[in-house]
Amino acid sequence: MNTGNINIFDNLINQVEIINIVILSLIVLEILIDFFFYRNERDFSESWIDMGMGIIFELSSRLGGLLISFAILSFVSQFALIQLTNNYQNLLLAILIYDFIYYWTHRLEHSSRLFCTWHSVHHSSPEYSLSTSLRLSWLEPFILWYTLIPLVLIGFQPTLVMLAAEISLLYQFFLHTKKIKKLGFLELIFNTPSNHRVHHGSNNKYLDKNYGSILIIWDRLFGTYQKEEEKVIYGLTKPINSKNPLVINITELSRTWKGFMQSENLYRKALWLFSRPRDSNFLI
């Protein structure tokens with residue numbers, strides 16, 4: 001296959017399915033290793049919650065989430081500045097630009113009550129392992145498009161843009177582990193397990209740090225970088241005390257809706273939705 005005008009998405013569904021099988025295999029392998037060798041260091045019930053959350057997320061994706069995102073992006077594409085072709089060079093460029101956009105949208109998800117409504121789900125686990133990567137809100141497949149619109153307006157094709165986001169998400173899967181320690185000079189450029197452990201910490205010095213996806217340079221440039229120093233305390237500053245995946249998915253949504261309805265006027269409603277959560281880095 002050449003690198004000119006190519007269809008990057010030939011057999012993409014099969015490729016995604018293969019990747020999903022590999023990811024699930026690695027998760028099961030880590031669970032087995034921890035069960036036999038680190039049994040006292042892990043709450044395995046959290047792993048089953050992660051699995052349940054992953055199933056809900058996957059069902060949301062397949063039952064219309066991704067289709068809605070693609071439809072919105074296809075509509076927006078008619079307003080693009082230019083029309084770029086689907087090739088590997090543009091895919092790499094889209095990944096780089098998306099990484100920059102991801103930094104800012106991720107930062108928004110920690111600084112706005114509305115946006116942290118769904119993102120807080122991912123931070124809800126007091127454990128940190130490969131299965132934590134599956135702990136995603138059922139809402140996310142339906143709202144993925146808002147992070148991708150800038151790329152489409154630049155001129156990247158919707159299918160290529162969604163693939164760039166998929167690659168970014170796949171990279172982040174490997175960040176969710178305590179077994180890989182610091183990686184030397186790579187810590188300066190890339191988001192690593194160590195850098196991402198900080199992001200999941202509820203320690204005061206770790207709050208609202210390390211927003212990057214693949215690259216950590218954006219955090220270094222914009223003052224949100226923190227290296228891993230003290231032991232990380234995982235989870236939310238205001239924990240959701242439930243092991244029910246559905247409850248974890250809707251708790252912050254319910255709190256946000258309740259506060260919105262109780263606000264006296266449109267100004268206060270907007271202030272409630274877009275102001276910073278009182279406890280920083282979560283939560284309401």
# chains A, B, ... in the order shown; residues from 1 in each chain; ligands from 1
call {"tool": "residues_around", "arguments": {"residues": "region 72-74 of chain A", "least_positions_apart": "6", "cutoff": "8 Å", "atoms": "only C-alpha atoms", "output": "compact mmCIF listing (two decimals) with N, CA and C atoms, in the first residue's frame"}}
result
# COMPACT_ATOMS: atom_id res chain seq x y z
N TRP A 145 -16.98 14.07 19.67
CA TRP A 145 -16.87 15.00 18.54
C TRP A 145 -16.39 16.39 18.94
N LEU A 148 -12.81 16.93 18.47
CA LEU A 148 -12.29 16.64 17.13
C LEU A 148 -12.67 17.70 16.09
N ILE A 149 -13.63 18.56 16.40
CA ILE A 149 -14.09 19.56 15.44
C ILE A 149 -12.95 20.44 14.91
N VAL A 152 -11.20 18.76 12.02
CA VAL A 152 -12.02 18.68 10.81
C VAL A 152 -12.09 20.05 10.13
N PRO A 158 -12.99 13.28 8.47
CA PRO A 158 -13.54 12.76 9.72
C PRO A 158 -13.04 11.37 10.09
call {"tool": "residues_around", "arguments": {"residues": "Pro277 (chain A)", "least_positions_apart": "5", "cutoff": "12 Å", "atoms": "only C-alpha atoms", "output": "PyMOL selection string"}}
result
chain A and resi 108-117+120+208+237-238+252+255-256+259+271-272+282-284
call {"tool": "atom_distance", "arguments": {"atom1": "CA of Tyr211 (chain A)", "atom2": "CA of Ser45 (chain A)"}}
result
27.4 Å
call {"tool": "closest_residue", "arguments": {"among": "A:Gly155, A:Tyr267, A:Trp218, A:Thr147", "to": "Phe79 (chain A)", "atoms": "only C-alpha atoms"}}
result
A:Gly155
call {"tool": "closest_residue", "arguments": {"among": "A:Leu153, A:Trp118, A:Phe173, A:Phe185", "to": "Ser254 (chain A)", "atoms": "only C-alpha atoms"}}
result
A:Trp118
call {"tool": "residues_around", "arguments": {"residues": "Leu175 (chain A)", "least_positions_apart": "6", "cutoff": "9 Å", "atoms": "only C-alpha atoms", "output": "list in words"}}
result
Ser129, Leu130, Ser133, Asn191, Thr192, Pro193, Ser194, Asn195, His196 and Arg197 of chain A
call {"tool": "select_by_dssp", "arguments": {"residues": "region 8-257 of chain A", "states": "strand (DSSP E or B)", "output": "number ranges by chain"}}
result
A: 190, 201, 215, 234
call {"tool": "write_last_selection", "arguments": {"atoms": "N, CA and C atoms", "output": "mmCIF file, in the first residue's frame"}}
result
data_model
loop_
_atom_site.group_PDB
_atom_site.id
_atom_site.type_symbol
_atom_site.label_atom_id
_atom_site.label_comp_id
_atom_site.auth_asym_id
_atom_site.auth_seq_id
_atom_site.Cartn_x
_atom_site.Cartn_y
_atom_site.Cartn_z
ATOM 1 N N PHE A 190 7.599 12.405 26.677
ATOM 2 C CA PHE A 190 6.382 11.622 26.512
ATOM 3 C C PHE A 190 5.612 11.480 27.823
ATOM 4 N N GLY A 201 -3.551 11.028 40.739
ATOM 5 C CA GLY A 201 -3.401 11.196 42.174
ATOM 6 C C GLY A 201 -4.341 12.240 42.745
ATOM 7 N N LEU A 215 2.266 13.143 24.415
ATOM 8 C CA LEU A 215 3.385 14.014 24.769
ATOM 9 C C LEU A 215 3.135 14.709 26.105
ATOM 10 N N TYR A 234 -4.658 7.283 44.834
ATOM 11 C CA TYR A 234 -5.508 7.297 43.645
ATOM 12 C C TYR A 234 -6.968 7.548 44.002
#
call {"tool": "closest_residue", "arguments": {"among": "A:Asp50, A:Glu30, A:Glu127, A:Glu140", "to": "Ile68 (chain A)", "atoms": "only C-alpha atoms"}}
result
A:Glu140
call {"tool": "atom_distance", "arguments": {"atom1": "CA of Val247 (chain A)", "atom2": "CA of Ile56 (chain A)"}}
result
12.0 Å
call {"tool": "residues_around", "arguments": {"residues": "Lys205 (chain A)", "least_positions_apart": "4", "cutoff": "10 Å", "atoms": "only C-alpha atoms", "output": "list of chain:residue names"}}
result
A:Val198, A:Gly201, A:Lys209, A:Gln226, A:Lys227, A:Glu228, A:Glu229, A:Glu230, A:Val232
call {"tool": "write_last_selection", "arguments": {"atoms": "C-alpha atoms", "output": "PDB file, in the first residue's frame"}}
result
ATOM      1  CA  VAL A 198       0.585  11.682  38.998  1.00  0.00           C
ATOM      2  CA  GLY A 201      -3.401  11.196  42.174  1.00  0.00           C
ATOM      3  CA  LYS A 209      -1.331  18.003  36.712  1.00  0.00           C
ATOM      4  CA  GLN A 226       4.532  17.512  38.114  1.00  0.00           C
ATOM      5  CA  LYS A 227       6.943  14.611  38.391  1.00  0.00           C
ATOM      6  CA  GLU A 228       6.139  11.609  40.549  1.00  0.00           C
ATOM      7  CA  GLU A 229       7.652  12.106  43.986  1.00  0.00           C
ATOM      8  CA  GLU A 230       5.531  11.065  46.950  1.00  0.00           C
ATOM      9  CA  VAL A 232       0.274   8.435  44.824  1.00  0.00           C
TER      10      VAL A 232
END
call {"tool": "residues_around", "arguments": {"residues": "His122 (chain A)", "least_positions_apart": "4", "cutoff": "9 Å", "atoms": "only C-alpha atoms", "output": "PDB file with N, CA and C atoms, in the first residue's frame"}}
result
ATOM      1  N   TRP A 118     -18.473  13.890  33.216  1.00  0.00           N
ATOM      2  CA  TRP A 118     -18.183  12.583  32.633  1.00  0.00           C
ATOM      3  C   TRP A 118     -16.736  12.164  32.857  1.00  0.00           C
ATOM      4  N   THR A 132      -7.889  -0.037  34.773  1.00  0.00           N
ATOM      5  CA  THR A 132      -8.387   1.313  35.039  1.00  0.00           C
ATOM      6  C   THR A 132      -8.657   2.062  33.740  1.00  0.00           C
ATOM      7  N   SER A 133      -7.929   1.720  32.695  1.00  0.00           N
ATOM      8  CA  SER A 133      -8.108   2.390  31.406  1.00  0.00           C
ATOM      9  C   SER A 133      -9.505   2.157  30.835  1.00  0.00           C
ATOM     10  N   LEU A 134     -10.182   1.093  31.292  1.00  0.00           N
ATOM     11  CA  LEU A 134     -11.527   0.785  30.808  1.00  0.00           C
ATOM     12  C   LEU A 134     -12.604   1.605  31.510  1.00  0.00           C
ATOM     13  N   ARG A 135     -12.233   2.270  32.587  1.00  0.00           N
ATOM     14  CA  ARG A 135     -13.216   2.991  33.405  1.00  0.00           C
ATOM     15  C   ARG A 135     -13.525   4.339  32.750  1.00  0.00           C
ATOM     16  N   LEU A 136     -14.449   4.301  31.791  1.00  0.00           N
ATOM     17  CA  LEU A 136     -14.818   5.484  31.020  1.00  0.00           C
ATOM     18  C   LEU A 136     -16.331   5.689  31.088  1.00  0.00           C
ATOM     19  N   SER A 137     -16.745   6.924  31.013  1.00  0.00           N
ATOM     20  CA  SER A 137     -18.163   7.255  31.106  1.00  0.00           C
ATOM     21  C   SER A 137     -18.921   6.791  29.871  1.00  0.00           C
ATOM     22  N   HIS A 200      -3.508  10.808  38.057  1.00  0.00           N
ATOM     23  CA  HIS A 200      -4.589  10.105  38.743  1.00  0.00           C
ATOM     24  C   HIS A 200      -4.521  10.273  40.260  1.00  0.00           C
ATOM     25  N   GLY A 235      -7.706   8.063  43.026  1.00  0.00           N
ATOM     26  CA  GLY A 235      -9.136   8.269  43.202  1.00  0.00           C
ATOM     27  C   GLY A 235      -9.517   9.732  43.247  1.00  0.00           C
TER      28      GLY A 235
END
call {"tool": "residues_around", "arguments": {"residues": "Asn249 (chain A)", "least_positions_apart": "3", "cutoff": "7 Å", "atoms": "only C-alpha atoms", "output": "compact mmCIF listing (two decimals) with N, CA and C atoms, in the first residue's frame"}}
result
# COMPACT_ATOMS: atom_id res chain seq x y z
N VAL A 121 -15.55 10.05 36.03
CA VAL A 121 -15.75 8.60 36.07
C VAL A 121 -14.40 7.89 35.93
N SER A 137 -16.74 6.92 31.01
CA SER A 137 -18.16 7.26 31.11
C SER A 137 -18.92 6.79 29.87
N TRP A 138 -20.16 6.36 30.08
CA TRP A 138 -21.00 5.96 28.96
C TRP A 138 -21.34 7.15 28.08
N PRO A 245 -21.20 -0.15 38.70
CA PRO A 245 -20.78 0.64 37.53
C PRO A 245 -21.80 1.68 37.09
N LEU A 246 -23.09 1.36 37.19
CA LEU A 246 -24.12 2.31 36.80
C LEU A 246 -24.16 3.50 37.75
call {"tool": "atom_distance", "arguments": {"atom1": "CA of Leu67 (chain A)", "atom2": "CA of Phe142 (chain A)"}}
result
8.5 Å
call {"tool": "closest_residue", "arguments": {"among": "A:Ile27, A:Ser131, A:Tyr146, A:Lys179", "to": "Val161 (chain A)", "atoms": "only C-alpha atoms"}}
result
A:Tyr146
call {"tool": "residues_around", "arguments": {"residues": "Leu32 (chain A)", "least_positions_apart": "6", "cutoff": "12 Å", "atoms": "only C-alpha atoms", "output": "PyMOL selection string"}}
result
chain A and resi 25-26+38-39+42+44+47
call {"tool": "closest_residue", "arguments": {"among": "A:Gly54, A:His199, A:Thr177, A:Ile248", "to": "Asp34 (chain A)", "atoms": "only C-alpha atoms"}}
result
A:Thr177
call {"tool": "closest_residue", "arguments": {"among": "A:Leu186, A:Leu266, A:Leu160, A:Ile217", "to": "Leu92 (chain A)", "atoms": "only C-alpha atoms"}}
result
A:Leu160
